[in-house]
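Taking it in order: structure first as structure tokens, then the write-up.
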Amino acid sequence: MAAVAAYHPAWLPKVVLAETYASTRDVMLSVFMRGGADGLSLCVPFADPDYYLSRSTIAVPRPDAATGTANKGIALDNFFAFPQALAALVPAYTAKDLLVVHATGQLNNSRSHFDAQRYLEVGKPNDPALVTGWLGRHLASSPPVRSTAPLRALGIASGLQKTLVGGPKTLPIANPANFALGGSATTVDARLAFLQSDYAGASQPIQANALDAINTVALLKQINISQYKPANGAVYPASGFGNALKAVAALVKADVGIEAAQVDVGGWDTHSAQDPLAGSMYRTMLDFGNALGAFYADVLQGASPAAVTAVAVSEFGRNVRENGSKGTDHGRGTAMFAMGKNIAGGRVMVNGWPGLAKPNLDSGQDLKVTIDYRDVLSEIVQNRLGNTNLAYVFPGWTATMRGATR
Amino acid sequence: MNGQLTNVGQPLFVWETPDGYPDKVEYWAGNVMPRWTFGSTLAAQASGEIIIDIALFQKGGNADATVATIDQRLFGGEMDATLRAALTAYLKAGTYNATRIRETLALAFSANTFQWY
């Protein structure tokens, strides 16, 4: 039956987890830190005296602190430090492959999670007609890296994240290590053939998605993510985020034409008991840093690093001053991360650090946004993803290139 | 049940923002494989909290009768001819037994015209 052959396509190469990855465009690992991540804890402005004046219980101690030394920050330069929770990111930073951008975010000042997340994901504020995501539009406006790839991008989620909407050959795959049709193994091929035939009559986009999904089953089975062994001694945390990054690493190294992955990580909405030193935010940052650190070691270190660029963004930051519950409420400026061999890292990029003194705060309470996140993403889209259609990817925005890439 | 809901992407009460799970096609349109697997899991239920009584579909003793029952019970008699032919063909391609009937039922659950009415 012809339909049976269609989803075990003859072109499918014998997939070997290659040591080298050859492509002229980077794979994009896009991470969304959902909830409004506190940039002042992720990248601590220890040299700004108002930081300690504003956070009597939840500040990260200075790197040169004598007391409480176990929790003191790890100096990145003479102004900023990582908290201990992000120690796993230091190798990438030291190697100049990790860039921190601070006092960045969205110019729109919504403090609503779902509005602010939506604006960031679709790449434009306040446009109800815009339903596609920036990364989806990038994929739609660039040719596939591999013309025969059944899948160009995936969201590691049950439903497609807005960032990827509009991308061709893009599916949500919650668990890439186990993407298959359930039921008896003896009849699975016949049942898939039935479904492929049945969904050929479906309306779009379901029709295309169904075919892509069926083709992807064969692809993922061959890549066999559950047996994937990270390189260079990298150990991913056994968390949702860790597993997702490990799956992305396997897909990158399999070199089958995956161009982008969208991964979400939550837990950042720290309204109370934030505790970046030992409690809730410590744990969130630890998982985040350990997973990205493992990804760095696995994919970007060694003799043949893969062509991958990772970014991590959040919809907004949090108030400079802590609240009465030892937490922080929704703010404005925050930190974002970019990582890759062609990212100009090893520094904290600012556009004139506005400072944390009250007269310099947005509405008297928030770190100002001095760099629109779209500047950094536009530069990456252009220089690392090879796409100059920036006006399409970020409509209504003219980017300033700030030297985030090299 | 929450485990099954999680598998198809809608775990109870887990959606973080107050707008709830999206009701937009672009969110769900790629979610086909988990839904097909759920159809398979559901149809296979023979014991426990949810039971699909396969005897109902075995009345008549042949493939055409079974598919007619599926049409009646699931589709309100509105199953289109292509699907009816495809389901019948699938059922006839194997031994006519409870397992095969359950699989046919699962395919009916998963069919495009059932899921996206």
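Chain identifiers are assigned as A, B, and so on, following the order in which chains appear in the structure tokens; residues are numbered from 1 within each chain, and ligands are numbered from 1 in order of appearance.
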Please report as a PyMOL selection string which residues of chain B come no farther than 9 Å from chain A, using only C-alpha atoms. chain B and resi 6-10+16-19+22+25-34+36-41+44+82-83+86-87+90+103-104+107+110-113+116
So what do you get for atom CA of A:Lys221 versus atom CA of A:Ser147, distance-wise? 20.1 Å
Hey, what does DSSP flag as helix (DSSP H, G or I) within stretch 177-404 of chain A? Can you give it to me as a PyMOL selection string? chain A and resi 177-178+188-199+206-223+225-227+240-254+280-300+358-360+373-383+390-393
Would you mind exporting C-alpha atoms of the selected residues as a PDB file, in the first residue's frame?
```
ATOM      1  CA  ALA A 177      11.418  10.734  23.483  1.00  0.00           C
ATOM      2  CA  ASN A 178       8.041   9.043  23.187  1.00  0.00           C
ATOM      3  CA  VAL A 188       0.424   0.455  14.431  1.00  0.00           C
ATOM      4  CA  ASP A 189       1.579   0.822  10.818  1.00  0.00           C
ATOM      5  CA  ALA A 190      -1.832  -0.063   9.454  1.00  0.00           C
ATOM      6  CA  ARG A 191      -3.532   2.306  11.868  1.00  0.00           C
ATOM      7  CA  LEU A 192      -1.177   5.151  10.935  1.00  0.00           C
ATOM      8  CA  ALA A 193      -1.886   4.456   7.301  1.00  0.00           C
ATOM      9  CA  PHE A 194      -5.609   4.677   8.026  1.00  0.00           C
ATOM     10  CA  LEU A 195      -5.174   8.010   9.792  1.00  0.00           C
ATOM     11  CA  GLN A 196      -2.939   9.421   7.097  1.00  0.00           C
ATOM     12  CA  SER A 197      -5.568   8.613   4.515  1.00  0.00           C
ATOM     13  CA  ASP A 198      -8.414   9.889   6.669  1.00  0.00           C
ATOM     14  CA  TYR A 199      -6.739  13.197   7.492  1.00  0.00           C
ATOM     15  CA  ILE A 206      -4.923  20.027  10.627  1.00  0.00           C
ATOM     16  CA  GLN A 207      -4.286  18.190   7.384  1.00  0.00           C
ATOM     17  CA  ALA A 208      -0.669  19.317   7.155  1.00  0.00           C
ATOM     18  CA  ASN A 209      -0.084  18.787  10.868  1.00  0.00           C
ATOM     19  CA  ALA A 210      -1.419  15.255  10.736  1.00  0.00           C
ATOM     20  CA  LEU A 211       0.892  14.346   7.874  1.00  0.00           C
ATOM     21  CA  ASP A 212       3.844  16.023   9.564  1.00  0.00           C
ATOM     22  CA  ALA A 213       3.077  14.194  12.792  1.00  0.00           C
ATOM     23  CA  ILE A 214       2.958  10.817  11.070  1.00  0.00           C
ATOM     24  CA  ASN A 215       6.227  11.476   9.274  1.00  0.00           C
ATOM     25  CA  THR A 216       7.785  12.684  12.472  1.00  0.00           C
ATOM     26  CA  VAL A 217       6.954   9.446  14.282  1.00  0.00           C
ATOM     27  CA  ALA A 218       9.353   7.578  12.017  1.00  0.00           C
ATOM     28  CA  LEU A 219      11.969  10.288  12.345  1.00  0.00           C
ATOM     29  CA  LEU A 220      11.903  10.419  16.131  1.00  0.00           C
ATOM     30  CA  LYS A 221      11.869   6.659  16.409  1.00  0.00           C
ATOM     31  CA  GLN A 222      15.087   6.534  14.463  1.00  0.00           C
ATOM     32  CA  ILE A 223      16.734   9.267  16.467  1.00  0.00           C
ATOM     33  CA  ILE A 225      16.059  10.199  22.077  1.00  0.00           C
ATOM     34  CA  SER A 226      15.481   7.986  25.097  1.00  0.00           C
ATOM     35  CA  GLN A 227      18.855   6.350  24.411  1.00  0.00           C
ATOM     36  CA  GLY A 240      10.894  18.976  32.726  1.00  0.00           C
ATOM     37  CA  PHE A 241      13.266  21.693  31.568  1.00  0.00           C
ATOM     38  CA  GLY A 242      16.313  19.428  31.759  1.00  0.00           C
ATOM     39  CA  ASN A 243      14.593  16.705  29.768  1.00  0.00           C
ATOM     40  CA  ALA A 244      13.430  19.193  27.184  1.00  0.00           C
ATOM     41  CA  LEU A 245      16.927  20.561  26.621  1.00  0.00           C
ATOM     42  CA  LYS A 246      18.333  17.056  26.426  1.00  0.00           C
ATOM     43  CA  ALA A 247      15.797  16.212  23.748  1.00  0.00           C
ATOM     44  CA  VAL A 248      16.718  19.357  21.823  1.00  0.00           C
ATOM     45  CA  ALA A 249      20.387  18.417  22.039  1.00  0.00           C
ATOM     46  CA  ALA A 250      19.629  14.998  20.582  1.00  0.00           C
ATOM     47  CA  LEU A 251      17.618  16.545  17.765  1.00  0.00           C
ATOM     48  CA  VAL A 252      20.377  19.045  16.988  1.00  0.00           C
ATOM     49  CA  LYS A 253      23.056  16.376  16.803  1.00  0.00           C
ATOM     50  CA  ALA A 254      20.868  14.115  14.686  1.00  0.00           C
ATOM     51  CA  SER A 280      11.869  28.997  45.742  1.00  0.00           C
ATOM     52  CA  MET A 281      13.808  31.215  43.354  1.00  0.00           C
ATOM     53  CA  TYR A 282      17.048  29.465  44.237  1.00  0.00           C
ATOM     54  CA  ARG A 283      15.543  26.182  43.092  1.00  0.00           C
ATOM     55  CA  THR A 284      14.093  27.695  39.942  1.00  0.00           C
ATOM     56  CA  MET A 285      17.390  29.335  39.008  1.00  0.00           C
ATOM     57  CA  LEU A 286      19.341  26.193  39.872  1.00  0.00           C
ATOM     58  CA  ASP A 287      17.288  24.065  37.508  1.00  0.00           C
ATOM     59  CA  PHE A 288      17.481  26.734  34.824  1.00  0.00           C
ATOM     60  CA  GLY A 289      21.243  27.169  35.143  1.00  0.00           C
ATOM     61  CA  ASN A 290      22.039  23.479  35.449  1.00  0.00           C
ATOM     62  CA  ALA A 291      19.992  22.577  32.403  1.00  0.00           C
ATOM     63  CA  LEU A 292      21.440  25.325  30.235  1.00  0.00           C
ATOM     64  CA  GLY A 293      24.903  24.591  31.584  1.00  0.00           C
ATOM     65  CA  ALA A 294      24.486  20.936  30.651  1.00  0.00           C
ATOM     66  CA  PHE A 295      23.257  21.941  27.198  1.00  0.00           C
ATOM     67  CA  TYR A 296      26.326  24.138  26.804  1.00  0.00           C
ATOM     68  CA  ALA A 297      28.689  21.357  27.824  1.00  0.00           C
ATOM     69  CA  ASP A 298      26.886  18.768  25.713  1.00  0.00           C
ATOM     70  CA  VAL A 299      26.348  20.697  22.519  1.00  0.00           C
ATOM     71  CA  LEU A 300      28.646  23.704  22.461  1.00  0.00           C
ATOM     72  CA  LYS A 358      14.126  55.827  43.110  1.00  0.00           C
ATOM     73  CA  PRO A 359      14.314  58.888  40.834  1.00  0.00           C
ATOM     74  CA  ASN A 360      15.774  56.645  38.107  1.00  0.00           C
ATOM     75  CA  TYR A 373      14.404  42.630  23.527  1.00  0.00           C
ATOM     76  CA  ARG A 374      13.630  42.762  19.810  1.00  0.00           C
ATOM     77  CA  ASP A 375      16.991  44.410  19.165  1.00  0.00           C
ATOM     78  CA  VAL A 376      18.825  41.360  20.450  1.00  0.00           C
ATOM     79  CA  LEU A 377      16.489  38.879  18.783  1.00  0.00           C
ATOM     80  CA  SER A 378      16.596  40.754  15.461  1.00  0.00           C
ATOM     81  CA  GLU A 379      20.369  40.641  15.445  1.00  0.00           C
ATOM     82  CA  ILE A 380      20.291  36.913  16.126  1.00  0.00           C
ATOM     83  CA  VAL A 381      17.658  36.292  13.447  1.00  0.00           C
ATOM     84  CA  GLN A 382      19.744  38.208  10.939  1.00  0.00           C
ATOM     85  CA  ASN A 383      23.242  37.089  11.808  1.00  0.00           C
ATOM     86  CA  LEU A 390      13.349  41.555   9.978  1.00  0.00           C
ATOM     87  CA  ALA A 391      10.412  43.797   9.144  1.00  0.00           C
ATOM     88  CA  TYR A 392       8.326  40.650   8.709  1.00  0.00           C
ATOM     89  CA  VAL A 393       9.651  38.880  11.774  1.00  0.00           C
TER      90      VAL A 393
END
```
The distance between atom CA of A:Gln106 and atom CA of A:Asp372 is 5.6 Å
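Considering the residues A:Gly352, A:Pro45, A:Gly324, A:Gly257 and counting only C-alpha atoms, A:Asp26 has its shortest atom-to-atom contact with A:Gly257.
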Strand (DSSP E or B) per DSSP on the backbone: members of stretch 76-213 of chain A, as a PyMOL selection string: chain A and resi 81-82+98-105+153-155+170-172
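Comparing B:Met1, B:Leu105, B:Ala65, B:Val14 by their smallest distance to B:Glu49, the closest is B:Met1 (using only C-alpha atoms).
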Atom CA of B:Leu5 to atom CA of B:Ile50, distance in Å rounded to a single decimal: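 Going from atom CA of B:Leu5 over to atom CA of B:Ile50, I get 14.2 Å.
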